[in-house]
file final08.cif (mmCIF, C-alpha atoms)
data_entry
loop_
_atom_site.label_atom_id
_atom_site.label_comp_id
_atom_site.auth_asym_id
_atom_site.auth_seq_id
_atom_site.Cartn_x
_atom_site.Cartn_y
_atom_site.Cartn_z
CA MET D 299 98.00 96.24 125.16
CA ALA D 300 98.27 99.79 123.88
CA ARG D 301 99.57 98.28 120.65
CA TRP D 302 96.26 96.74 119.68
CA PRO D 303 94.42 99.86 118.55
CA ALA D 304 97.43 100.85 116.43
CA LEU D 305 97.54 97.43 114.85
CA ILE D 306 93.83 97.45 114.12
CA ALA D 307 94.15 100.93 112.66
CA LEU D 308 96.99 99.69 110.46
CA LEU D 309 94.96 96.72 109.25
CA LEU D 310 92.01 98.95 108.54
CA ALA D 311 94.24 101.40 106.70
CA GLY D 312 95.64 98.55 104.64
CA HIS D 313 92.14 97.43 103.82
CA VAL D 314 91.04 100.90 102.82
CA LEU D 315 94.16 101.36 100.68
CA ALA D 316 93.62 98.07 98.92
CA ALA D 317 90.17 99.23 97.92
CA GLY D 318 91.29 102.76 97.01
CA PRO D 319 94.41 104.02 95.28
CA ASP D 320 96.97 101.61 93.93
CA LEU D 321 100.39 102.31 95.46
CA ALA D 322 102.32 100.09 93.08
CA ALA D 323 100.71 101.87 90.17
CA GLY D 324 101.55 105.16 91.87
CA GLU D 325 105.21 104.25 92.14
CA TYR D 326 105.28 103.21 88.50
CA LEU D 327 103.74 106.54 87.49
CA PHE D 328 106.22 108.35 89.73
CA ARG D 329 109.03 106.67 87.79
CA ALA D 330 107.52 107.37 84.40
CA ALA D 331 106.91 111.00 85.31
CA GLY D 332 110.51 111.43 86.45
CA CYS D 333 109.56 113.39 89.59
CA ALA D 334 112.73 112.41 91.43
CA ASN D 335 115.03 113.91 88.80
CA CYS D 336 114.17 117.55 89.34
CA HIS D 337 112.89 117.35 92.90
CA THR D 338 116.16 115.89 94.24
CA ASP D 339 119.34 117.93 94.50
CA ARG D 340 121.50 114.98 93.58
CA GLU D 341 124.57 117.03 92.75
CA HIS D 342 124.80 118.25 96.34
CA GLY D 343 123.70 114.99 97.94
CA GLY D 344 120.21 116.28 98.75
CA ALA D 345 117.58 114.00 100.29
CA PRO D 346 115.23 112.35 97.77
CA LEU D 347 112.34 114.62 96.73
CA ALA D 348 113.29 117.35 99.20
CA GLY D 349 113.86 119.75 96.31
CA GLY D 350 116.50 122.43 96.03
CA ARG D 351 117.83 121.43 92.65
CA LYS D 352 118.70 124.42 90.52
CA LEU D 353 117.15 124.51 87.06
CA ALA D 354 119.17 127.09 85.20
CA THR D 355 117.21 128.53 82.26
CA PRO D 356 117.67 131.54 80.00
CA LEU D 357 114.89 133.23 82.01
CA GLY D 358 116.47 132.71 85.41
CA ASP D 359 117.32 130.10 88.03
CA PHE D 360 114.46 128.04 89.37
CA TYR D 361 114.84 125.98 92.54
CA THR D 362 112.60 122.94 92.73
CA PRO D 363 110.39 122.58 95.81
CA ASN D 364 110.22 119.91 98.48
CA ILE D 365 107.53 117.36 97.55
CA THR D 366 107.98 115.02 100.51
CA PRO D 367 105.05 114.79 102.97
CA ASP D 368 106.72 117.10 105.52
CA PRO D 369 103.88 119.26 106.91
CA ASP D 370 105.84 122.51 107.17
CA THR D 371 108.20 122.48 104.20
CA GLY D 372 106.70 119.86 101.91
CA LEU D 373 103.26 118.71 100.79
CA GLY D 374 102.21 117.35 104.21
CA ARG D 375 99.22 119.67 104.52
CA TRP D 376 98.08 119.29 100.92
CA THR D 377 94.88 117.56 99.97
CA GLU D 378 94.48 115.46 96.87
CA ALA D 379 92.51 118.36 95.37
CA ASP D 380 95.54 120.63 95.92
CA PHE D 381 97.78 118.12 94.17
CA ARG D 382 95.32 117.71 91.32
CA ARG D 383 95.13 121.46 90.84
CA ALA D 384 98.94 121.79 90.83
CA LEU D 385 99.26 119.22 88.05
CA ARG D 386 96.15 120.10 86.06
CA GLU D 387 96.18 123.88 86.33
CA GLY D 388 99.69 124.79 87.44
CA ARG D 389 98.47 126.54 90.57
CA GLY D 390 99.41 126.21 94.22
CA PRO D 391 96.95 125.58 97.08
CA ASP D 392 96.91 129.36 97.65
CA GLY D 393 95.88 129.88 94.05
CA ARG D 394 99.11 131.43 92.82
CA HIS D 395 100.42 130.43 89.41
CA TYR D 396 103.41 128.18 89.00
CA TYR D 397 106.17 128.96 86.58
CA PRO D 398 106.20 126.51 83.67
CA SER D 399 109.59 125.24 84.89
CA PHE D 400 107.20 122.83 86.59
CA PRO D 401 105.96 120.90 83.55
CA TYR D 402 102.26 121.23 84.21
CA ALA D 403 101.66 121.68 80.49
CA ALA D 404 102.47 117.95 80.30
CA TYR D 405 101.12 116.79 83.67
CA SER D 406 97.80 118.47 82.92
CA ARG D 407 97.28 115.60 80.46
CA LEU D 408 97.43 112.93 83.19
CA SER D 409 94.27 110.94 83.77
CA ASP D 410 92.25 111.41 86.96
CA ALA D 411 93.06 107.89 88.11
CA ASP D 412 96.80 108.38 87.52
CA ILE D 413 96.85 111.63 89.49
CA GLY D 414 95.08 109.85 92.37
CA ASN D 415 97.56 106.97 92.39
CA LEU D 416 100.55 109.28 92.08
CA TRP D 417 99.32 111.31 95.03
CA ALA D 418 98.78 108.16 97.10
CA TYR D 419 102.34 107.12 96.41
CA LEU D 420 103.86 110.53 97.14
CA LYS D 421 102.25 110.50 100.58
CA THR D 422 104.24 107.37 101.44
CA VAL D 423 107.76 108.68 100.80
CA PRO D 424 109.83 109.66 103.86
CA PRO D 425 109.14 113.25 104.90
CA VAL D 426 112.14 115.55 104.89
CA ARG D 427 112.21 118.91 106.57
CA GLN D 428 113.87 121.27 104.11
CA ALA D 429 112.61 124.75 103.37
CA ASN D 430 112.13 125.72 99.75
CA ARG D 431 114.58 128.09 98.18
CA PRO D 432 113.12 131.05 96.28
CA HIS D 433 113.69 131.28 92.53
CA VAL D 434 116.26 133.78 91.32
CA LEU D 435 114.56 135.72 88.51
CA PRO D 436 114.91 139.15 87.00
CA TRP D 437 112.51 141.68 88.56
CA TYR D 438 110.24 141.78 85.51
CA LEU D 439 109.48 138.05 85.78
CA GLN D 440 108.79 138.07 89.50
CA PRO D 441 105.10 139.10 89.54
CA ARG D 442 103.17 135.86 89.38
CA PRO D 443 100.04 137.36 87.79
CA LEU D 444 102.13 137.62 84.62
CA LEU D 445 101.88 133.87 84.44
CA ALA D 446 98.15 134.13 83.81
CA GLY D 447 99.06 135.82 80.53
CA TRP D 448 101.64 133.16 79.76
CA LYS D 449 99.06 130.47 80.36
CA ARG D 450 96.58 132.17 78.04
CA LEU D 451 99.21 132.10 75.31
CA TYR D 452 100.72 128.68 75.79
CA PHE D 453 98.78 126.50 78.21
CA ARG D 454 95.77 124.37 77.34
CA PRO D 455 94.78 122.40 80.46
CA GLY D 456 92.95 119.10 80.43
CA PRO D 457 93.55 115.38 80.39
CA PHE D 458 94.90 113.49 77.40
CA VAL D 459 92.27 112.62 74.83
CA PRO D 460 93.12 109.52 72.80
CA GLU D 461 93.30 110.23 69.11
CA ALA D 462 90.61 108.50 67.12
CA GLY D 463 92.02 106.61 64.18
CA LYS D 464 95.16 105.65 66.11
CA ASP D 465 95.44 102.31 67.86
CA ALA D 466 95.77 101.70 71.59
CA VAL D 467 99.54 101.21 71.43
CA TRP D 468 100.09 104.55 69.70
CA ASN D 469 97.81 106.32 72.15
CA ARG D 470 99.55 104.73 75.13
CA GLY D 471 102.87 105.88 73.67
CA ALA D 472 101.53 109.38 73.12
CA TYR D 473 100.31 109.49 76.72
CA LEU D 474 103.69 108.32 78.03
CA VAL D 475 105.67 110.78 75.91
CA ARG D 476 103.40 113.81 76.13
CA ALA D 477 101.91 113.53 79.63
CA LEU D 478 104.03 111.40 81.93
CA GLY D 479 107.45 111.53 80.30
CA HIS D 480 107.09 115.23 79.43
CA CYS D 481 109.79 114.72 76.77
CA ALA D 482 108.87 117.93 74.96
CA GLU D 483 109.84 120.03 77.97
CA CYS D 484 113.49 119.62 77.00
CA HIS D 485 113.34 118.28 73.45
CA THR D 486 111.14 121.01 71.96
CA PRO D 487 112.90 124.35 71.54
CA ARG D 488 111.30 127.40 73.12
CA ASN D 489 110.85 130.99 72.08
CA ARG D 490 111.96 133.97 74.15
CA LEU D 491 108.81 133.86 76.24
CA GLY D 492 109.40 130.25 77.17
CA GLY D 493 106.65 128.92 74.91
CA PHE D 494 107.23 126.00 72.56
CA ARG D 495 108.23 127.03 69.06
CA ILE D 496 105.51 126.12 66.61
CA GLY D 497 106.25 123.25 64.24
CA MET D 498 109.33 122.24 66.20
CA TYR D 499 107.84 119.47 68.35
CA LEU D 500 110.71 117.33 69.70
CA ALA D 501 113.15 118.93 67.22
CA GLY D 502 115.89 119.54 69.80
CA ASP D 503 117.63 122.57 71.17
CA LYS D 504 121.17 123.83 70.75
CA ALA D 505 121.27 125.24 74.24
CA GLY D 506 118.44 123.68 76.15
CA ALA D 507 118.15 122.28 79.65
CA GLU D 508 121.10 123.28 81.82
CA GLY D 509 122.72 124.92 78.81
CA GLY D 510 123.42 121.57 77.19
CA LEU D 511 122.62 120.31 73.74
CA VAL D 512 119.28 118.53 73.50
CA PRO D 513 119.04 116.24 70.47
CA ASN D 514 116.40 116.31 67.78
CA ILE D 515 114.37 113.14 68.38
CA THR D 516 111.97 113.46 65.45
CA PRO D 517 112.29 110.85 62.68
CA ASP D 518 114.24 113.24 60.42
CA LYS D 519 116.97 111.21 58.73
CA ALA D 520 119.60 113.92 58.56
CA THR D 521 119.22 115.75 61.86
CA GLY D 522 116.97 113.57 64.00
CA ILE D 523 116.83 109.87 64.82
CA GLY D 524 115.24 108.79 61.56
CA ARG D 525 118.06 106.37 60.87
CA TRP D 526 117.53 104.52 64.13
CA ARG D 527 115.73 101.26 63.79
CA ARG D 528 112.82 100.55 66.07
CA GLY D 529 114.84 98.00 68.04
CA GLU D 530 117.66 100.51 68.48
CA LEU D 531 115.29 103.13 69.87
CA ILE D 532 113.81 100.58 72.27
CA ASP D 533 117.29 99.54 73.41
CA TYR D 534 118.25 103.16 73.92
CA LEU D 535 115.19 103.93 76.03
CA LYS D 536 115.87 100.88 78.18
CA THR D 537 119.63 101.10 78.56
CA GLY D 538 120.92 104.44 77.30
CA MET D 539 123.20 102.88 74.72
CA ARG D 540 122.97 104.54 71.32
CA PRO D 541 123.28 102.68 68.04
CA ASP D 542 126.79 104.14 67.62
CA GLY D 543 127.92 102.65 70.94
CA ASP D 544 127.95 105.92 72.83
CA SER D 545 126.15 106.06 76.16
CA ALA D 546 123.57 108.59 77.31
CA GLY D 547 124.86 111.21 79.68
CA GLY D 548 123.68 114.14 81.74
CA LEU D 549 119.95 114.60 82.18
CA MET D 550 118.99 111.79 79.81
CA ALA D 551 121.03 109.32 81.85
CA GLU D 552 119.01 110.44 84.89
CA VAL D 553 115.75 110.03 83.00
CA ILE D 554 116.72 106.47 82.09
CA ASP D 555 118.22 105.47 85.45
CA ASN D 556 115.40 106.86 87.57
CA GLY D 557 112.54 106.24 85.21
CA LEU D 558 112.60 104.55 81.84
CA LYS D 559 114.47 101.46 82.96
CA TYR D 560 111.62 100.65 85.35
CA LEU D 561 108.98 100.78 82.64
CA SER D 562 107.40 97.66 81.20
CA GLU D 563 108.43 96.34 77.81
CA PRO D 564 105.02 97.16 76.24
CA ASP D 565 105.24 100.74 77.53
CA ILE D 566 108.75 101.26 76.12
CA GLU D 567 107.58 99.78 72.82
CA ALA D 568 104.57 102.10 72.81
CA MET D 569 106.87 105.09 73.33
CA ALA D 570 108.99 103.97 70.39
CA THR D 571 105.88 103.53 68.23
CA TYR D 572 104.73 107.04 69.04
CA LEU D 573 108.16 108.68 68.73
CA GLN D 574 108.71 107.14 65.31
CA SER D 575 105.36 108.53 64.17
CA VAL D 576 105.77 112.22 64.98
CA PRO D 577 106.43 114.62 62.08
CA ALA D 578 110.07 114.67 61.00
CA VAL D 579 111.56 118.13 61.49
CA THR D 580 114.86 119.11 59.90
CA HIS D 581 116.65 120.97 62.64
CA ALA D 582 120.38 120.55 63.13
CA VAL D 583 121.38 121.05 66.73
CA ARG D 584 124.86 119.61 66.49
CA LYS D 585 127.78 121.53 65.14
CA PRO D 586 128.38 120.46 61.54
CA LYS D 587 131.44 118.29 61.23
CA PRO D 588 134.38 119.97 59.53
CA ALA D 589 134.75 118.77 55.97
CA ARG D 590 138.39 117.85 56.44
CA ASP D 591 140.56 117.22 59.44
CA GLU D 592 138.17 114.69 60.87
CA PHE D 593 138.40 110.97 60.36
CA GLU D 594 135.33 109.63 58.64
CA TYR D 595 134.40 106.02 58.35
CA MET T 281 173.71 104.93 61.50
CA LYS T 282 175.08 108.08 62.93
CA ARG T 283 172.75 110.10 60.77
CA LYS T 284 169.79 108.11 61.96
CA ILE T 285 170.67 108.73 65.59
CA SER T 286 171.05 112.42 65.02
CA LYS T 287 167.66 112.45 63.35
CA ALA T 288 166.18 110.78 66.38
CA VAL T 289 167.82 113.34 68.62
CA VAL T 290 166.42 116.19 66.55
CA LEU T 291 162.97 114.62 66.59
CA GLY T 292 163.20 114.07 70.31
CA GLY T 293 164.19 117.67 70.77
CA LEU T 294 161.24 118.81 68.68
CA LEU T 295 158.86 116.67 70.69
CA ALA T 296 160.25 118.14 73.91
CA CYS T 297 159.62 121.62 72.52
CA VAL T 298 156.04 120.72 71.64
CA SER T 299 155.29 119.23 75.03
CA ALA T 300 156.81 122.29 76.68
CA GLY T 301 154.00 124.31 75.11
CA ALA T 302 151.42 123.39 77.71
CA LEU T 303 148.42 124.67 75.76
CA ALA T 304 149.21 122.61 72.70
CA ASP T 305 149.56 119.65 75.01
CA GLU T 306 146.07 120.06 76.45
CA GLU T 307 144.50 120.41 73.05
CA GLU T 308 146.28 117.24 72.01
CA ILE T 309 145.02 115.30 74.99
CA ILE T 310 141.45 116.47 74.37
CA LYS T 311 141.70 115.25 70.78
CA TYR T 312 143.35 112.05 71.94
CA ARG T 313 140.69 111.19 74.50
CA LYS T 314 137.92 111.96 72.01
CA ASN T 315 139.47 109.53 69.58
CA VAL T 316 139.85 106.93 72.30
CA MET T 317 136.19 107.37 73.26
CA LYS T 318 135.15 107.04 69.61
CA ALA T 319 137.10 103.82 69.29
CA TYR T 320 135.55 102.66 72.54
CA ALA T 321 132.03 103.43 71.32
CA GLY T 322 132.73 101.60 68.08
CA HIS T 323 133.72 98.45 69.92
CA MET T 324 130.77 98.83 72.29
CA ALA T 325 128.33 98.96 69.39
CA ALA T 326 130.05 96.05 67.67
CA ALA T 327 130.22 93.90 70.82
CA GLY T 328 126.60 94.77 71.61
CA ALA T 329 125.42 93.60 68.22
CA ILE T 330 127.17 90.28 68.79
CA VAL T 331 126.08 89.61 72.38
CA GLN T 332 122.50 90.47 71.43
CA GLY T 333 122.68 88.01 68.58
CA LYS T 334 122.10 90.58 65.85
CA VAL T 335 125.23 89.52 63.98
CA LYS T 336 127.67 86.62 64.20
CA GLY T 337 131.20 87.34 65.36
CA SER T 338 133.62 87.22 68.22
CA ALA T 339 132.47 89.27 71.19
CA LEU T 340 135.76 88.27 72.79
CA ASN T 341 137.84 90.18 70.24
CA HIS T 342 135.87 93.36 70.81
CA ALA T 343 135.93 92.84 74.55
CA LYS T 344 139.70 92.51 74.48
CA ALA T 345 139.90 95.65 72.39
CA LEU T 346 137.73 97.49 74.90
CA GLU T 347 139.95 96.37 77.72
CA ALA T 348 143.07 97.40 75.82
CA THR T 349 141.80 100.73 74.47
CA VAL T 350 141.82 102.47 77.80
CA GLN T 351 144.80 102.03 80.06
CA ASP T 352 144.03 104.98 82.29
CA MET T 353 140.60 106.52 81.79
CA ALA T 354 140.97 109.26 84.42
CA GLY T 355 144.50 109.99 83.24
CA MET T 356 143.06 111.20 79.93
CA PHE T 357 141.51 114.11 81.84
CA PRO T 358 144.51 115.91 83.35
CA ALA T 359 144.16 119.26 85.10
CA GLY T 360 143.92 122.08 82.59
CA SER T 361 142.23 120.05 79.86
CA ASP T 362 138.85 121.59 80.65
CA PHE T 363 138.84 124.27 77.98
CA GLY T 364 137.97 124.26 74.31
CA GLU T 365 136.45 121.43 72.35
CA THR T 366 135.46 119.21 75.24
CA ASN T 367 132.15 118.04 76.61
CA ALA T 368 133.77 117.17 79.93
CA LEU T 369 132.06 118.98 82.79
CA ASP T 370 133.94 120.94 85.45
CA THR T 371 132.88 118.24 87.90
CA VAL T 372 135.55 115.98 86.33
CA TRP T 373 138.06 118.11 88.23
CA SER T 374 135.99 119.43 91.12
CA LYS T 375 134.74 115.96 92.15
CA ARG T 376 137.93 114.21 91.21
CA ALA T 377 137.80 111.33 93.70
CA ASP T 378 134.35 110.24 92.58
CA PHE T 379 135.24 110.71 88.93
CA GLU T 380 138.31 108.51 89.31
CA LYS T 381 136.26 105.91 91.14
CA LYS T 382 133.73 105.75 88.30
CA ALA T 383 136.48 105.74 85.67
CA LYS T 384 138.21 102.84 87.42
CA ASP T 385 134.90 101.03 87.74
CA SER T 386 134.41 101.24 83.98
CA GLN T 387 137.86 99.79 83.40
CA ALA T 388 137.12 96.98 85.83
CA LYS T 389 133.82 96.28 84.06
CA ALA T 390 135.64 96.16 80.71
CA ALA T 391 138.10 93.65 82.16
CA ALA T 392 135.23 91.57 83.54
CA PHE T 393 133.53 91.61 80.14
CA ALA T 394 136.76 90.50 78.48
CA LYS T 395 136.92 87.55 80.89
CA ALA T 396 133.30 86.58 80.31
CA ALA T 397 132.92 87.40 76.62
CA GLY T 398 133.45 83.83 75.44
CA GLY T 399 130.83 82.34 77.77
CA GLY T 400 127.24 82.51 78.85
CA GLU T 401 127.75 85.58 81.03
CA ALA T 402 128.74 87.76 78.09
CA ALA T 403 125.47 89.66 77.73
CA ALA T 404 125.19 90.34 81.46
CA LYS T 405 128.76 91.61 81.73
CA PHE T 406 128.30 93.72 78.62
CA LYS T 407 125.25 95.32 80.19
CA GLU T 408 127.21 96.11 83.35
CA LEU T 409 129.92 97.76 81.28
CA SER T 410 127.36 99.82 79.38
CA GLU T 411 125.77 100.86 82.70
CA SER T 412 129.16 102.04 83.95
CA CYS T 413 129.61 104.23 80.84
CA LYS T 414 126.25 105.86 81.54
CA ALA T 415 127.01 106.24 85.26
CA CYS T 416 130.09 108.30 84.45
CA HIS T 417 128.53 110.28 81.60
CA LYS T 418 125.61 111.16 83.87
CA ASP T 419 127.71 113.30 86.16
CA TYR T 420 130.72 114.18 84.08
CA ARG T 421 129.70 114.79 80.50
CA LYS T 422 127.31 117.24 78.96
CA GLU T 423 126.86 117.60 75.23
CA GLN T 424 127.55 121.21 74.51
CA LYS T 425 128.38 121.35 70.85
#
call {"tool": "encode", "arguments": {"input": "final08.cif", "output": "structure tokens"}}
result
Amino acid sequence: MARWPALIALLLAGHVLAAGPDLAAGEYLFRAAGCANCHTDREHGGAPLAGGRKLATPLGDFYTPNITPDPDTGLGRWTEADFRRALREGRGPDGRHYYPSFPYAAYSRLSDADIGNLWAYLKTVPPVRQANRPHVLPWYLQPRPLLAGWKRLYFRPGPFVPEAGKDAVWNRGAYLVRALGHCAECHTPRNRLGGFRIGMYLAGDKAGAEGGLVPNITPDKATGIGRWRRGELIDYLKTGMRPDGDSAGGLMAEVIDNGLKYLSEPDIEAMATYLQSVPAVTHAVRKPKPARDEFEY
Amino acid sequence: MKRKISKAVVLGGLLACVSAGALADEEEIIKYRKNVMKAYAGHMAAAGAIVQGKVKGSALNHAKALEATVQDMAGMFPAGSDFGETNALDTVWSKRADFEKKAKDSQAKAAAFAKAAGGGEAAAKFKELSESCKACHKDYRKEQK
């Protein structure tokens, strides 16, 4: 008998959910935003979204936080307003600034509806009790108020505004690349203060995320992906296979396996449309091939 | 005849000397495996173009080549070959069992593609092989140069 109230509550909850946030949409956004990549310590077999993954950067080692709904170590006590502020403004519920290792510069561009759906989905993942690990930073980067200055220099909050004069497909692609996919976070090189270098949007980095090489993905023919055909770019985003037969590795393989391969065909096509439209930047990140000694075909 | 044999002996002796120099050996295997991977990628791209119907040709021939190109994927990454011009991550050696499992899986997927390449399953098996390349690269390769 005691089961009845629970069942009724469940039915009511289901009804309320159906009218409110869209969980399926939330899961889709969660994939597109790639949350699981950084917030899971996959290398050490960490529980999904419980954090603890080390992001090694030239400025120090950041450890990602637990974003499961655990009340003590995760986001269990957060409200939707807290979540919205974290994404939009890069601030915690206590008001302190986040380091831009959390890509709020991109997530700030998410729409209100998408933030709501993403939050609804995040509340449904299994809670994991795992305390956050503090970042390991040099003393001069530890005071968080410094980040207010960083934000003044490099952070312009606010949702994505569709560009007039561009069609819906292009704008959808821009939203996916700039806001959800946060591609620039790795693919745009940064200056010494961790701000994006001007005029180098998506132009790659010789020693970027985790010290690896991050390719130039602008349409530059010599140093970017300007020689890729549209179909090749679409295939790559869906499967990770490059036109030369090589397969994506490292972080990009994670981005594809946990995110891009779940996206709809129109969304992948929109991303390709947008990526092929950004300004071509000549920026060689790969070591030039030796003139001799190497087989050329 | 005698001269030929003695030449072979001298050559053999030289080879033994070279392989005794362990460092040279490791550099050679790094170059070797890079070339093997390049050949592999070439056949992947070629087979992909055929199974996706972009060009006409025999997917089977490329599939057979893929199967034949790598006899021992993990064996191309012996201990000590982690220095110099390689994009192999340290995890290739520190997580050896998993690395070997993924390497073997790729070889099995290549064999399965070779079996299926003439039929209707070709595209599906090709996709599985490509997935296995990515699965291994995800944990064991990082582009560094």
call {"tool": "resolve_selection", "arguments": {"input": "final08.cif", "expression": "the PyMOL selection byres ((chain T) within 7 of (chain D))", "output": "PDB file with C-alpha atoms, in the coordinates of the input"}}
result
ATOM      1  CA  ALA T 321     132.030 103.430  71.320  1.00  0.00           C
ATOM      2  CA  GLY T 322     132.730 101.600  68.080  1.00  0.00           C
ATOM      3  CA  MET T 324     130.770  98.830  72.290  1.00  0.00           C
ATOM      4  CA  ALA T 325     128.330  98.960  69.390  1.00  0.00           C
ATOM      5  CA  SER T 410     127.360  99.820  79.380  1.00  0.00           C
ATOM      6  CA  CYS T 413     129.610 104.230  80.840  1.00  0.00           C
ATOM      7  CA  LYS T 414     126.250 105.860  81.540  1.00  0.00           C
ATOM      8  CA  HIS T 417     128.530 110.280  81.600  1.00  0.00           C
ATOM      9  CA  LYS T 418     125.610 111.160  83.870  1.00  0.00           C
ATOM     10  CA  ASP T 419     127.710 113.300  86.160  1.00  0.00           C
ATOM     11  CA  ARG T 421     129.700 114.790  80.500  1.00  0.00           C
ATOM     12  CA  LYS T 422     127.310 117.240  78.960  1.00  0.00           C
ATOM     13  CA  GLU T 423     126.860 117.600  75.230  1.00  0.00           C
ATOM     14  CA  GLN T 424     127.550 121.210  74.510  1.00  0.00           C
ATOM     15  CA  LYS T 425     128.380 121.350  70.850  1.00  0.00           C
TER      16      LYS T 425
END
call {"tool": "resolve_selection", "arguments": {"input": "final08.cif", "expression": "the PyMOL selection byres ((chain T and resi 357-368) around 8)", "output": "list of chain:residue names"}}
result
T:Glu306, T:Glu307, T:Ile309, T:Ile310, T:Arg313, T:Met353, T:Ala354, T:Gly355, T:Met356, T:Leu369, T:Asp370, T:Val372, T:Trp373, T:Tyr420, T:Arg421, T:Lys422, T:Glu423, T:Gln424, T:Lys425
call {"tool": "write_last_selection", "arguments": {"input": "final08.cif", "atoms": "C-alpha atoms", "output": "PDB file, in the coordinates of the input"}}
result
ATOM      1  CA  GLU T 306     146.070 120.060  76.450  1.00  0.00           C
ATOM      2  CA  GLU T 307     144.500 120.410  73.050  1.00  0.00           C
ATOM      3  CA  ILE T 309     145.020 115.300  74.990  1.00  0.00           C
ATOM      4  CA  ILE T 310     141.450 116.470  74.370  1.00  0.00           C
ATOM      5  CA  ARG T 313     140.690 111.190  74.500  1.00  0.00           C
ATOM      6  CA  MET T 353     140.600 106.520  81.790  1.00  0.00           C
ATOM      7  CA  ALA T 354     140.970 109.260  84.420  1.00  0.00           C
ATOM      8  CA  GLY T 355     144.500 109.990  83.240  1.00  0.00           C
ATOM      9  CA  MET T 356     143.060 111.200  79.930  1.00  0.00           C
ATOM     10  CA  LEU T 369     132.060 118.980  82.790  1.00  0.00           C
ATOM     11  CA  ASP T 370     133.940 120.940  85.450  1.00  0.00           C
ATOM     12  CA  VAL T 372     135.550 115.980  86.330  1.00  0.00           C
ATOM     13  CA  TRP T 373     138.060 118.110  88.230  1.00  0.00           C
ATOM     14  CA  TYR T 420     130.720 114.180  84.080  1.00  0.00           C
ATOM     15  CA  ARG T 421     129.700 114.790  80.500  1.00  0.00           C
ATOM     16  CA  LYS T 422     127.310 117.240  78.960  1.00  0.00           C
ATOM     17  CA  GLU T 423     126.860 117.600  75.230  1.00  0.00           C
ATOM     18  CA  GLN T 424     127.550 121.210  74.510  1.00  0.00           C
ATOM     19  CA  LYS T 425     128.380 121.350  70.850  1.00  0.00           C
TER      20      LYS T 425
END
call {"tool": "resolve_selection", "arguments": {"input": "final08.cif", "expression": "the PyMOL selection byres ((chain T and resi 406) around 9)", "output": "list of chain:residue names"}}
result
T:Met324, T:Ala327, T:Gly328, T:Val331, T:Ala343, T:Lys389, T:Ala390, T:Ala392, T:Phe393, T:Ala396, T:Ala397, T:Glu401, T:Ala402, T:Ala403, T:Ala404, T:Lys405, T:Lys407, T:Glu408, T:Leu409, T:Ser410, T:Glu411
call {"tool": "atom_distance", "arguments": {"input": "final08.cif", "atom1": "CA of Ala331 in chain D", "atom2": "CA of Arg386 in chain D"}}
result
14.1 Å
call {"tool": "residues_around", "arguments": {"input": "final08.cif", "residues": "Leu451 in chain D", "least_positions_apart": "6", "cutoff": "12 Å", "atoms": "all atoms listed in the file", "output": "list of chain:residue names"}}
result
D:Ala403, D:Leu444, D:Leu445, D:Leu491, D:Gly492, D:Gly493, D:Phe494
call {"tool": "closest_residue", "arguments": {"input": "final08.cif", "among": "T:Met317, T:Ile330, T:Asn341, T:Glu347", "to": "Ala388 in chain T", "atoms": "all atoms listed in the file"}}
result
T:Glu347
call {"tool": "atom_distance", "arguments": {"input": "final08.cif", "atom1": "CA of Tyr397 in chain D", "atom2": "CA of Thr362 in chain D"}}
result
10.7 Å
call {"tool": "atom_distance", "arguments": {"input": "final08.cif", "atom1": "CA of Pro319 in chain D", "atom2": "CA of Pro401 in chain D"}}
result
23.6 Å
